[in-house]
Each structure stands twice: as C-alpha cells, then as structure tokens.
Amino acid sequence: MNIQTKASNYPRVKSLKIIGIIRTLSDVAGWFSAAMILTAVCITCQMIFVRSVLNESTVWQTDMIIYLIISATLIGLPFVQKERGHVNVDLIPLALSIKPRFVLAVFTLLMSIFIISIVFWHGFEFWHIAYSRGWTSDTIWAARLWIPYVSMPIGFGLLLLQLCADLAGLILKTETPFGLEVS
C-alpha cells in the first residue's frame with residue numbers, strides 16, 4: 001500500500017472510529033437504561049414490603065419509579081436504534097431495488113435527524129427551564145424536576161448521534177439500507 005492510498009483512506013478511517021465511539025455510547029446508554037429498570041423493580045419490591053409488611057406509607061418510591069422508567073425509555077433510545085430493535089415494516093424497502101432502497105434509507109435518516117433535532121432542542125429547553133427556575137414535583141417528596149428531565153436532552157442527544165452514525169455508515173457503505181441484505 002503506498003502513501004497516497006493511506007492518505008486517501010484517512011478520513012474514512014477517522015469516520016469509522018467516530019462511528020465506533022458513538023456505537024459504544026449507545027451501548028453504555030443501553031446498560032444505564034437496563035440498570036434504571038432494574039432499580040425501579042427493586043424499589044417497587046421495597047415499596048410493596050413497606051406497605052404490606054411494615055404497614056407504613058411511602059413517600060418517594062412512586063415518584064422515583066415513574067422517573068426511572070421514563071428516563072430508562074429515553075436514555076435507551078440510542079441503543080434500540082443501534083440494534084434496529086424498533087418495530088419496523090420493511091415492505092417498501094424489500095420491494096425496492098438497491099439504489100432506490102439506498103435513497104429511501106438516506107431520506108428516512110435525514111428526516112429522522114431533522115425531527116429528533118427539534119425534539120432534542122425542546123427537551124433541552126424544557127430541562128433548562130426546570131433547572132433555572134428550581135421546579136420541584138408537587139408531591140411530599142418535592143423532587144427537583146431537572147434531575148429526571150435531564151434524560152430528555154441526554155436520550156434524544158444520543159439518539160441524534162446514533163442516527164448520524166447510521167447515516168455515515170450508510171454513506172460509507174459499512175451498513176446496508178435498512179439493515180437488509182443486498183440482493
């Protein structure tokens with residue numbers, strides 16, 4: 001391999017490393033999401049024990065479970081995207097030949113990036129308002145709402161990165177359109 005070939009491959013290699021880093025971030029988000037769900041299950045068991053066995057009331061458990069499950073859903077978004085774990089109907093991509101399938105995949109990813117960018121911005125704005133105004137929940141626990149709300153910009157921000165990585169992988173031909181076999 002000569003020097004000119006190595007130099008021409010450099011941007012692609014660097015892009016592949018960035019894609020790998022984003023995929024790793026998506027995996028980490030998936031593990032955090034799983035840990036939040038497990039924590040919510042443990043808190044549910046503790047809440048049942050406190051109510052049933054100790055015959056006492058609970059203060060923070062219900063709020064915490066709700067915040068954990070919603071946060072787990074949002075922070076788990078990039079992992080689901082990376083694994084193609086969402087529900088999809090691939091009738092149209094299967095009916096298309098490779099070139100139109102590629103165009104449709106690029107269009108779909110670009111539209112997804114556009115929409116998720118808007119949701120990310122509004123999620124960030126909502127979190128920032130809750131943080132700057134010191135919002136708390138209306139329950140006895142009075143949880144600071146910026147803490148669970150931060151899952152919106154984190155989850156949608158990581159999803160946005162994963163969508164960009166998917167688009168880059170498609171353009172660099174390291175992934176196939178819609179994850180379908182090339183026929």
# chains A, B, ... in the order shown; residues from 1 in each chain; ligands from 1
call {"tool": "residues_around", "arguments": {"residues": "A:Glu175", "least_positions_apart": "5", "cutoff": "8 Å", "atoms": "only C-alpha atoms", "output": "MDAnalysis selection string"}}
result
chainID A and resid 166 169:170
call {"tool": "write_last_selection", "arguments": {"atoms": "N, CA, C and O atoms", "output": "PDB file, in the first residue's frame"}}
result
ATOM      1  N   ASP A 166     -25.516   6.200  11.909  1.00  0.00           N
ATOM      2  CA  ASP A 166     -26.176   5.306  10.950  1.00  0.00           C
ATOM      3  C   ASP A 166     -26.110   5.882   9.538  1.00  0.00           C
ATOM      4  O   ASP A 166     -25.849   5.151   8.576  1.00  0.00           O
ATOM      5  N   GLY A 169     -22.548   5.546   8.302  1.00  0.00           N
ATOM      6  CA  GLY A 169     -22.293   4.149   7.951  1.00  0.00           C
ATOM      7  C   GLY A 169     -22.924   3.768   6.621  1.00  0.00           C
ATOM      8  O   GLY A 169     -22.346   3.022   5.833  1.00  0.00           O
ATOM      9  N   LEU A 170     -24.094   4.316   6.364  1.00  0.00           N
ATOM     10  CA  LEU A 170     -24.781   4.057   5.102  1.00  0.00           C
ATOM     11  C   LEU A 170     -24.017   4.683   3.934  1.00  0.00           C
ATOM     12  O   LEU A 170     -23.784   4.039   2.914  1.00  0.00           O
TER      13      LEU A 170
END
call {"tool": "select_by_dssp", "arguments": {"residues": "stretch 43-150 of chain A", "states": "alpha helix (DSSP H)", "output": "ChimeraX atom specification"}}
result
/A:43-52,61-75,77-83,91-95,98-133,146-149
call {"tool": "closest_residue", "arguments": {"among": "A:Phe120, A:Phe32, A:Phe49, A:Phe102", "to": "A:Ile69", "atoms": "only C-alpha atoms"}}
result
A:Phe32
call {"tool": "residues_around", "arguments": {"residues": "stretch 35-40 of chain A", "least_positions_apart": "5", "cutoff": "7 Å", "atoms": "only C-alpha atoms", "output": "VMD selection string"}}
result
chain A and resid 65 68 to 69 72
call {"tool": "closest_residue", "arguments": {"among": "A:Arg23, A:His122, A:Arg101, A:Arg144", "to": "A:Gln81", "atoms": "only C-alpha atoms"}}
result
A:Arg23
call {"tool": "atom_distance", "arguments": {"atom1": "atom CA of A:His86", "atom2": "atom CA of A:Ile21"}}
result
21.6 Å
call {"tool": "residues_around", "arguments": {"residues": "A:Leu74", "least_positions_apart": "3", "cutoff": "6 Å", "atoms": "only C-alpha atoms", "output": "PyMOL selection string"}}
result
chain A and resi 71+77+155
call {"tool": "residues_around", "arguments": {"residues": "A:Lys99", "least_positions_apart": "5", "cutoff": "10 Å", "atoms": "only C-alpha atoms", "output": "mmCIF file with all heavy atoms, in the first residue's frame"}}
result
data_model
loop_
_atom_site.group_PDB
_atom_site.id
_atom_site.type_symbol
_atom_site.label_atom_id
_atom_site.label_comp_id
_atom_site.auth_asym_id
_atom_site.auth_seq_id
_atom_site.Cartn_x
_atom_site.Cartn_y
_atom_site.Cartn_z
ATOM 1 N N LEU A 104 -34.059 5.865 -0.266
ATOM 2 C CA LEU A 104 -35.099 5.889 0.760
ATOM 3 C C LEU A 104 -34.490 5.858 2.160
ATOM 4 O O LEU A 104 -34.945 6.573 3.060
ATOM 5 C CB LEU A 104 -36.067 4.716 0.572
ATOM 6 C CG LEU A 104 -37.208 4.632 1.580
ATOM 7 C CD1 LEU A 104 -38.123 5.853 1.484
ATOM 8 C CD2 LEU A 104 -38.002 3.343 1.374
ATOM 9 N N ALA A 105 -33.444 5.051 2.358
ATOM 10 C CA ALA A 105 -32.786 4.973 3.668
ATOM 11 C C ALA A 105 -32.147 6.313 4.036
ATOM 12 O O ALA A 105 -32.257 6.765 5.180
ATOM 13 C CB ALA A 105 -31.741 3.856 3.673
ATOM 14 N N PRO A 177 -28.749 -0.437 3.527
ATOM 15 C CA PRO A 177 -30.001 0.291 3.764
ATOM 16 C C PRO A 177 -31.014 -0.571 4.530
ATOM 17 O O PRO A 177 -31.287 -1.704 4.149
ATOM 18 C CB PRO A 177 -30.519 0.593 2.357
ATOM 19 C CG PRO A 177 -29.316 0.531 1.477
ATOM 20 C CD PRO A 177 -28.419 -0.486 2.109
#
call {"tool": "residues_around", "arguments": {"residues": "A:Thr62", "least_positions_apart": "2", "cutoff": "10 Å", "atoms": "only C-alpha atoms", "output": "PDB file with N, CA, C and O atoms, in the first residue's frame"}}
result
ATOM      1  N   ALA A  40     -35.775   0.346  39.354  1.00  0.00           N
ATOM      2  CA  ALA A  40     -37.215   0.584  39.525  1.00  0.00           C
ATOM      3  C   ALA A  40     -37.919  -0.668  40.046  1.00  0.00           C
ATOM      4  O   ALA A  40     -38.804  -0.575  40.905  1.00  0.00           O
ATOM      5  N   ILE A  43     -37.035  -0.991  43.758  1.00  0.00           N
ATOM      6  CA  ILE A  43     -37.787  -0.004  44.546  1.00  0.00           C
ATOM      7  C   ILE A  43     -39.243  -0.415  44.666  1.00  0.00           C
ATOM      8  O   ILE A  43     -39.867  -0.244  45.722  1.00  0.00           O
ATOM      9  N   THR A  44     -39.796  -0.991  43.606  1.00  0.00           N
ATOM     10  CA  THR A  44     -41.175  -1.482  43.660  1.00  0.00           C
ATOM     11  C   THR A  44     -41.314  -2.568  44.723  1.00  0.00           C
ATOM     12  O   THR A  44     -42.261  -2.557  45.522  1.00  0.00           O
ATOM     13  N   MET A  47     -41.144  -0.978  48.086  1.00  0.00           N
ATOM     14  CA  MET A  47     -42.391  -0.258  48.364  1.00  0.00           C
ATOM     15  C   MET A  47     -43.496  -1.234  48.785  1.00  0.00           C
ATOM     16  O   MET A  47     -44.241  -0.959  49.732  1.00  0.00           O
ATOM     17  N   THR A  58     -45.527   5.219  51.954  1.00  0.00           N
ATOM     18  CA  THR A  58     -44.307   5.512  51.200  1.00  0.00           C
ATOM     19  C   THR A  58     -44.336   6.979  50.784  1.00  0.00           C
ATOM     20  O   THR A  58     -45.397   7.558  50.604  1.00  0.00           O
ATOM     21  N   VAL A  59     -43.158   7.559  50.643  1.00  0.00           N
ATOM     22  CA  VAL A  59     -43.067   8.978  50.323  1.00  0.00           C
ATOM     23  C   VAL A  59     -42.489   9.190  48.927  1.00  0.00           C
ATOM     24  O   VAL A  59     -43.055   9.887  48.102  1.00  0.00           O
ATOM     25  N   TRP A  60     -41.373   8.586  48.635  1.00  0.00           N
ATOM     26  CA  TRP A  60     -40.621   8.880  47.419  1.00  0.00           C
ATOM     27  C   TRP A  60     -40.679   7.781  46.372  1.00  0.00           C
ATOM     28  O   TRP A  60     -40.356   8.011  45.204  1.00  0.00           O
ATOM     29  N   MET A  64     -40.141   8.057  42.227  1.00  0.00           N
ATOM     30  CA  MET A  64     -38.850   7.559  41.744  1.00  0.00           C
ATOM     31  C   MET A  64     -39.041   6.479  40.676  1.00  0.00           C
ATOM     32  O   MET A  64     -38.333   6.480  39.660  1.00  0.00           O
ATOM     33  N   ILE A  65     -39.991   5.597  40.869  1.00  0.00           N
ATOM     34  CA  ILE A  65     -40.246   4.540  39.887  1.00  0.00           C
ATOM     35  C   ILE A  65     -40.690   5.152  38.555  1.00  0.00           C
ATOM     36  O   ILE A  65     -40.203   4.766  37.487  1.00  0.00           O
ATOM     37  N   ILE A  66     -41.591   6.099  38.613  1.00  0.00           N
ATOM     38  CA  ILE A  66     -42.070   6.751  37.392  1.00  0.00           C
ATOM     39  C   ILE A  66     -40.910   7.447  36.673  1.00  0.00           C
ATOM     40  O   ILE A  66     -40.734   7.289  35.455  1.00  0.00           O
ATOM     41  N   TYR A  67     -40.106   8.198  37.407  1.00  0.00           N
ATOM     42  CA  TYR A  67     -38.977   8.911  36.795  1.00  0.00           C
ATOM     43  C   TYR A  67     -37.955   7.936  36.213  1.00  0.00           C
ATOM     44  O   TYR A  67     -37.400   8.181  35.138  1.00  0.00           O
ATOM     45  N   LEU A  68     -37.707   6.833  36.905  1.00  0.00           N
ATOM     46  CA  LEU A  68     -36.729   5.855  36.410  1.00  0.00           C
ATOM     47  C   LEU A  68     -37.203   5.182  35.121  1.00  0.00           C
ATOM     48  O   LEU A  68     -36.416   5.013  34.175  1.00  0.00           O
ATOM     49  N   TRP A 141     -42.490  14.433  48.482  1.00  0.00           N
ATOM     50  CA  TRP A 141     -41.052  14.272  48.257  1.00  0.00           C
ATOM     51  C   TRP A 141     -40.429  15.536  47.673  1.00  0.00           C
ATOM     52  O   TRP A 141     -39.276  15.844  47.937  1.00  0.00           O
TER      53      TRP A 141
END
call {"tool": "atom_distance", "arguments": {"atom1": "atom CA of A:Asp63", "atom2": "atom CA of A:Pro78"}}
result
24.7 Å
call {"tool": "atom_distance", "arguments": {"atom1": "atom CA of A:Ile22", "atom2": "atom CA of A:Ile171"}}
result
16.1 Å
call {"tool": "residues_around", "arguments": {"residues": "A:Lys82", "least_positions_apart": "2", "cutoff": "12 Å", "atoms": "only C-alpha atoms", "output": "PDB file with N, CA, C and O atoms, in the first residue's frame"}}
result
ATOM      1  N   ILE A  19     -17.765   6.615  14.433  1.00  0.00           N
ATOM      2  CA  ILE A  19     -18.958   5.758  14.441  1.00  0.00           C
ATOM      3  C   ILE A  19     -18.842   4.727  15.560  1.00  0.00           C
ATOM      4  O   ILE A  19     -19.811   4.465  16.280  1.00  0.00           O
ATOM      5  N   GLY A  20     -17.667   4.152  15.722  1.00  0.00           N
ATOM      6  CA  GLY A  20     -17.444   3.173  16.786  1.00  0.00           C
ATOM      7  C   GLY A  20     -17.634   3.778  18.175  1.00  0.00           C
ATOM      8  O   GLY A  20     -18.218   3.149  19.063  1.00  0.00           O
ATOM      9  N   ILE A  22     -19.550   6.378  18.890  1.00  0.00           N
ATOM     10  CA  ILE A  22     -20.989   6.636  19.049  1.00  0.00           C
ATOM     11  C   ILE A  22     -21.722   5.335  19.355  1.00  0.00           C
ATOM     12  O   ILE A  22     -22.602   5.295  20.227  1.00  0.00           O
ATOM     13  N   ARG A  23     -21.357   4.261  18.692  1.00  0.00           N
ATOM     14  CA  ARG A  23     -21.988   2.964  18.969  1.00  0.00           C
ATOM     15  C   ARG A  23     -21.698   2.513  20.396  1.00  0.00           C
ATOM     16  O   ARG A  23     -22.570   1.959  21.064  1.00  0.00           O
ATOM     17  N   THR A  24     -20.489   2.792  20.881  1.00  0.00           N
ATOM     18  CA  THR A  24     -20.145   2.461  22.262  1.00  0.00           C
ATOM     19  C   THR A  24     -20.980   3.299  23.238  1.00  0.00           C
ATOM     20  O   THR A  24     -21.472   2.781  24.248  1.00  0.00           O
ATOM     21  N   LEU A  25     -21.160   4.589  22.936  1.00  0.00           N
ATOM     22  CA  LEU A  25     -22.020   5.440  23.766  1.00  0.00           C
ATOM     23  C   LEU A  25     -23.450   4.896  23.801  1.00  0.00           C
ATOM     24  O   LEU A  25     -24.106   4.916  24.850  1.00  0.00           O
ATOM     25  N   SER A  26     -23.925   4.409  22.675  1.00  0.00           N
ATOM     26  CA  SER A  26     -25.268   3.826  22.623  1.00  0.00           C
ATOM     27  C   SER A  26     -25.349   2.571  23.482  1.00  0.00           C
ATOM     28  O   SER A  26     -26.356   2.341  24.160  1.00  0.00           O
ATOM     29  N   ASP A  27     -24.287   1.760  23.463  1.00  0.00           N
ATOM     30  CA  ASP A  27     -24.245   0.575  24.329  1.00  0.00           C
ATOM     31  C   ASP A  27     -24.266   0.964  25.804  1.00  0.00           C
ATOM     32  O   ASP A  27     -24.995   0.369  26.599  1.00  0.00           O
ATOM     33  N   VAL A  28     -23.478   1.971  26.162  1.00  0.00           N
ATOM     34  CA  VAL A  28     -23.442   2.450  27.548  1.00  0.00           C
ATOM     35  C   VAL A  28     -24.822   2.966  27.957  1.00  0.00           C
ATOM     36  O   VAL A  28     -25.307   2.682  29.058  1.00  0.00           O
ATOM     37  N   ALA A  29     -25.471   3.691  27.063  1.00  0.00           N
ATOM     38  CA  ALA A  29     -26.826   4.185  27.344  1.00  0.00           C
ATOM     39  C   ALA A  29     -27.779   3.012  27.562  1.00  0.00           C
ATOM     40  O   ALA A  29     -28.646   3.068  28.440  1.00  0.00           O
ATOM     41  N   GLY A  30     -27.630   1.961  26.783  1.00  0.00           N
ATOM     42  CA  GLY A  30     -28.457   0.761  26.952  1.00  0.00           C
ATOM     43  C   GLY A  30     -28.249   0.119  28.309  1.00  0.00           C
ATOM     44  O   GLY A  30     -29.203  -0.310  28.962  1.00  0.00           O
ATOM     45  N   GLY A  76     -32.586   4.815  26.707  1.00  0.00           N
ATOM     46  CA  GLY A  76     -32.431   3.582  25.936  1.00  0.00           C
ATOM     47  C   GLY A  76     -32.666   3.747  24.443  1.00  0.00           C
ATOM     48  O   GLY A  76     -32.379   2.836  23.669  1.00  0.00           O
ATOM     49  N   LEU A  77     -33.156   4.906  24.019  1.00  0.00           N
ATOM     50  CA  LEU A  77     -33.449   5.137  22.596  1.00  0.00           C
ATOM     51  C   LEU A  77     -32.255   4.875  21.666  1.00  0.00           C
ATOM     52  O   LEU A  77     -32.411   4.197  20.651  1.00  0.00           O
ATOM     53  N   PRO A  78     -31.058   5.398  21.962  1.00  0.00           N
ATOM     54  CA  PRO A  78     -29.953   5.165  21.011  1.00  0.00           C
ATOM     55  C   PRO A  78     -29.554   3.700  20.899  1.00  0.00           C
ATOM     56  O   PRO A  78     -29.185   3.235  19.827  1.00  0.00           O
ATOM     57  N   PHE A  79     -29.670   2.961  21.998  1.00  0.00           N
ATOM     58  CA  PHE A  79     -29.337   1.536  21.953  1.00  0.00           C
ATOM     59  C   PHE A  79     -30.320   0.787  21.057  1.00  0.00           C
ATOM     60  O   PHE A  79     -29.920  -0.044  20.242  1.00  0.00           O
ATOM     61  N   VAL A  80     -31.598   1.100  21.193  1.00  0.00           N
ATOM     62  CA  VAL A  80     -32.619   0.460  20.362  1.00  0.00           C
ATOM     63  C   VAL A  80     -32.379   0.795  18.884  1.00  0.00           C
ATOM     64  O   VAL A  80     -32.483  -0.073  18.016  1.00  0.00           O
ATOM     65  N   ARG A  84     -31.367  -1.828  15.885  1.00  0.00           N
ATOM     66  CA  ARG A  84     -32.524  -1.939  14.997  1.00  0.00           C
ATOM     67  C   ARG A  84     -33.639  -2.714  15.717  1.00  0.00           C
ATOM     68  O   ARG A  84     -34.316  -3.557  15.137  1.00  0.00           O
ATOM     69  N   GLY A  85     -33.823  -2.392  16.996  1.00  0.00           N
ATOM     70  CA  GLY A  85     -34.773  -3.107  17.831  1.00  0.00           C
ATOM     71  C   GLY A  85     -36.174  -2.535  17.794  1.00  0.00           C
ATOM     72  O   GLY A  85     -37.062  -3.063  18.434  1.00  0.00           O
ATOM     73  N   HIS A  86     -36.376  -1.469  17.069  1.00  0.00           N
ATOM     74  CA  HIS A  86     -37.701  -0.878  16.996  1.00  0.00           C
ATOM     75  C   HIS A  86     -38.572  -1.660  16.020  1.00  0.00           C
ATOM     76  O   HIS A  86     -38.093  -2.422  15.190  1.00  0.00           O
ATOM     77  N   LEU A 158     -28.223  11.561  22.382  1.00  0.00           N
ATOM     78  CA  LEU A 158     -27.529  10.328  21.993  1.00  0.00           C
ATOM     79  C   LEU A 158     -28.223   9.649  20.812  1.00  0.00           C
ATOM     80  O   LEU A 158     -27.556   9.072  19.950  1.00  0.00           O
ATOM     81  N   LEU A 159     -29.549   9.726  20.764  1.00  0.00           N
ATOM     82  CA  LEU A 159     -30.269   9.185  19.608  1.00  0.00           C
ATOM     83  C   LEU A 159     -29.886   9.946  18.342  1.00  0.00           C
ATOM     84  O   LEU A 159     -29.671   9.342  17.283  1.00  0.00           O
ATOM     85  N   LEU A 160     -29.761  11.249  18.460  1.00  0.00           N
ATOM     86  CA  LEU A 160     -29.346  12.073  17.320  1.00  0.00           C
ATOM     87  C   LEU A 160     -27.955  11.653  16.837  1.00  0.00           C
ATOM     88  O   LEU A 160     -27.723  11.496  15.633  1.00  0.00           O
ATOM     89  N   LEU A 161     -27.029  11.449  17.768  1.00  0.00           N
ATOM     90  CA  LEU A 161     -25.689  10.979  17.393  1.00  0.00           C
ATOM     91  C   LEU A 161     -25.755   9.617  16.710  1.00  0.00           C
ATOM     92  O   LEU A 161     -25.069   9.378  15.708  1.00  0.00           O
ATOM     93  N   GLN A 162     -26.577   8.706  17.242  1.00  0.00           N
ATOM     94  CA  GLN A 162     -26.683   7.376  16.654  1.00  0.00           C
ATOM     95  C   GLN A 162     -27.275   7.441  15.249  1.00  0.00           C
ATOM     96  O   GLN A 162     -26.834   6.734  14.354  1.00  0.00           O
ATOM     97  N   LEU A 163     -28.259   8.303  15.053  1.00  0.00           N
ATOM     98  CA  LEU A 163     -28.823   8.465  13.710  1.00  0.00           C
ATOM     99  C   LEU A 163     -27.777   9.008  12.735  1.00  0.00           C
ATOM    100  O   LEU A 163     -27.704   8.565  11.585  1.00  0.00           O
ATOM    101  N   CYS A 164     -26.974   9.961  13.197  1.00  0.00           N
ATOM    102  CA  CYS A 164     -25.889  10.497  12.348  1.00  0.00           C
ATOM    103  C   CYS A 164     -24.866   9.406  12.037  1.00  0.00           C
ATOM    104  O   CYS A 164     -24.365   9.315  10.910  1.00  0.00           O
ATOM    105  N   ALA A 165     -24.553   8.571  13.020  1.00  0.00           N
ATOM    106  CA  ALA A 165     -23.624   7.459  12.791  1.00  0.00           C
ATOM    107  C   ALA A 165     -24.217   6.461  11.799  1.00  0.00           C
ATOM    108  O   ALA A 165     -23.500   5.940  10.932  1.00  0.00           O
ATOM    109  N   ASP A 166     -25.516   6.200  11.909  1.00  0.00           N
ATOM    110  CA  ASP A 166     -26.176   5.306  10.950  1.00  0.00           C
ATOM    111  C   ASP A 166     -26.110   5.882   9.538  1.00  0.00           C
ATOM    112  O   ASP A 166     -25.849   5.151   8.576  1.00  0.00           O
ATOM    113  N   LEU A 167     -26.335   7.169   9.415  1.00  0.00           N
ATOM    114  CA  LEU A 167     -26.265   7.827   8.106  1.00  0.00           C
ATOM    115  C   LEU A 167     -24.843   7.755   7.549  1.00  0.00           C
ATOM    116  O   LEU A 167     -24.643   7.431   6.374  1.00  0.00           O
ATOM    117  N   GLY A 169     -22.548   5.546   8.302  1.00  0.00           N
ATOM    118  CA  GLY A 169     -22.293   4.149   7.951  1.00  0.00           C
ATOM    119  C   GLY A 169     -22.924   3.768   6.621  1.00  0.00           C
ATOM    120  O   GLY A 169     -22.346   3.022   5.833  1.00  0.00           O
ATOM    121  N   GLU A 175     -22.731  -0.089   6.254  1.00  0.00           N
ATOM    122  CA  GLU A 175     -24.045  -0.627   6.615  1.00  0.00           C
ATOM    123  C   GLU A 175     -24.902  -0.661   5.355  1.00  0.00           C
ATOM    124  O   GLU A 175     -24.706   0.117   4.440  1.00  0.00           O
ATOM    125  N   PHE A 178     -31.504  -0.033   5.638  1.00  0.00           N
ATOM    126  CA  PHE A 178     -32.486  -0.684   6.495  1.00  0.00           C
ATOM    127  C   PHE A 178     -31.964  -1.989   7.092  1.00  0.00           C
ATOM    128  O   PHE A 178     -32.749  -2.814   7.566  1.00  0.00           O
ATOM    129  N   GLY A 179     -30.669  -2.198   7.039  1.00  0.00           N
ATOM    130  CA  GLY A 179     -30.081  -3.422   7.565  1.00  0.00           C
ATOM    131  C   GLY A 179     -30.442  -4.669   6.771  1.00  0.00           C
ATOM    132  O   GLY A 179     -30.249  -5.778   7.245  1.00  0.00           O
TER     133      GLY A 179
END
call {"tool": "decode", "arguments": {"residues": "stretch 19-28 of chain A", "atoms": "all heavy atoms", "output": "short mmCIF file (atom, residue, chain, number, x, y, z; two decimals), in the first residue's frame"}}
result
data_model
loop_
_atom_site.label_atom_id
_atom_site.label_comp_id
_atom_site.auth_asym_id
_atom_site.auth_seq_id
_atom_site.Cartn_x
_atom_site.Cartn_y
_atom_site.Cartn_z
N ILE A 19 -17.76 6.61 14.43
CA ILE A 19 -18.96 5.76 14.44
C ILE A 19 -18.84 4.73 15.56
O ILE A 19 -19.81 4.47 16.28
CB ILE A 19 -19.17 5.08 13.07
CG1 ILE A 19 -19.55 6.13 12.02
CG2 ILE A 19 -20.23 3.99 13.15
CD1 ILE A 19 -19.57 5.61 10.60
N GLY A 20 -17.67 4.15 15.72
CA GLY A 20 -17.44 3.17 16.79
C GLY A 20 -17.63 3.78 18.18
O GLY A 20 -18.22 3.15 19.06
N ILE A 21 -17.17 5.01 18.36
CA ILE A 21 -17.34 5.70 19.64
C ILE A 21 -18.83 5.95 19.91
O ILE A 21 -19.31 5.72 21.02
CB ILE A 21 -16.54 7.02 19.66
CG1 ILE A 21 -15.03 6.72 19.71
CG2 ILE A 21 -16.94 7.89 20.85
CD1 ILE A 21 -14.15 7.92 19.45
N ILE A 22 -19.55 6.38 18.89
CA ILE A 22 -20.99 6.64 19.05
C ILE A 22 -21.72 5.33 19.36
O ILE A 22 -22.60 5.30 20.23
CB ILE A 22 -21.56 7.33 17.80
CG1 ILE A 22 -20.98 8.75 17.68
CG2 ILE A 22 -23.09 7.36 17.85
CD1 ILE A 22 -21.29 9.45 16.38
N ARG A 23 -21.36 4.26 18.69
CA ARG A 23 -21.99 2.96 18.97
C ARG A 23 -21.70 2.51 20.40
O ARG A 23 -22.57 1.96 21.06
CB ARG A 23 -21.53 1.92 17.95
CG ARG A 23 -22.07 2.18 16.55
CD ARG A 23 -21.55 1.17 15.53
NE ARG A 23 -21.99 -0.17 15.77
CZ ARG A 23 -23.18 -0.66 15.40
NH1 ARG A 23 -24.03 0.11 14.75
NH2 ARG A 23 -23.50 -1.91 15.66
N THR A 24 -20.49 2.79 20.88
CA THR A 24 -20.15 2.46 22.26
C THR A 24 -20.98 3.30 23.24
O THR A 24 -21.47 2.78 24.25
CB THR A 24 -18.64 2.68 22.52
OG1 THR A 24 -17.90 1.83 21.62
CG2 THR A 24 -18.27 2.36 23.95
N LEU A 25 -21.16 4.59 22.94
CA LEU A 25 -22.02 5.44 23.77
C LEU A 25 -23.45 4.90 23.80
O LEU A 25 -24.11 4.92 24.85
CB LEU A 25 -22.02 6.88 23.24
CG LEU A 25 -20.81 7.73 23.54
CD1 LEU A 25 -20.90 9.07 22.79
CD2 LEU A 25 -20.68 7.99 25.03
N SER A 26 -23.93 4.41 22.68
CA SER A 26 -25.27 3.83 22.62
C SER A 26 -25.35 2.57 23.48
O SER A 26 -26.36 2.34 24.16
CB SER A 26 -25.66 3.51 21.18
OG SER A 26 -25.79 4.70 20.43
N ASP A 27 -24.29 1.76 23.46
CA ASP A 27 -24.25 0.57 24.33
C ASP A 27 -24.27 0.96 25.80
O ASP A 27 -24.99 0.37 26.60
CB ASP A 27 -22.99 -0.26 24.05
CG ASP A 27 -23.10 -1.07 22.77
OD1 ASP A 27 -24.23 -1.35 22.33
OD2 ASP A 27 -22.04 -1.42 22.21
N VAL A 28 -23.48 1.97 26.16
CA VAL A 28 -23.44 2.45 27.55
C VAL A 28 -24.82 2.97 27.96
O VAL A 28 -25.31 2.68 29.06
CB VAL A 28 -22.35 3.53 27.73
CG1 VAL A 28 -22.46 4.21 29.09
CG2 VAL A 28 -20.97 2.92 27.56
#
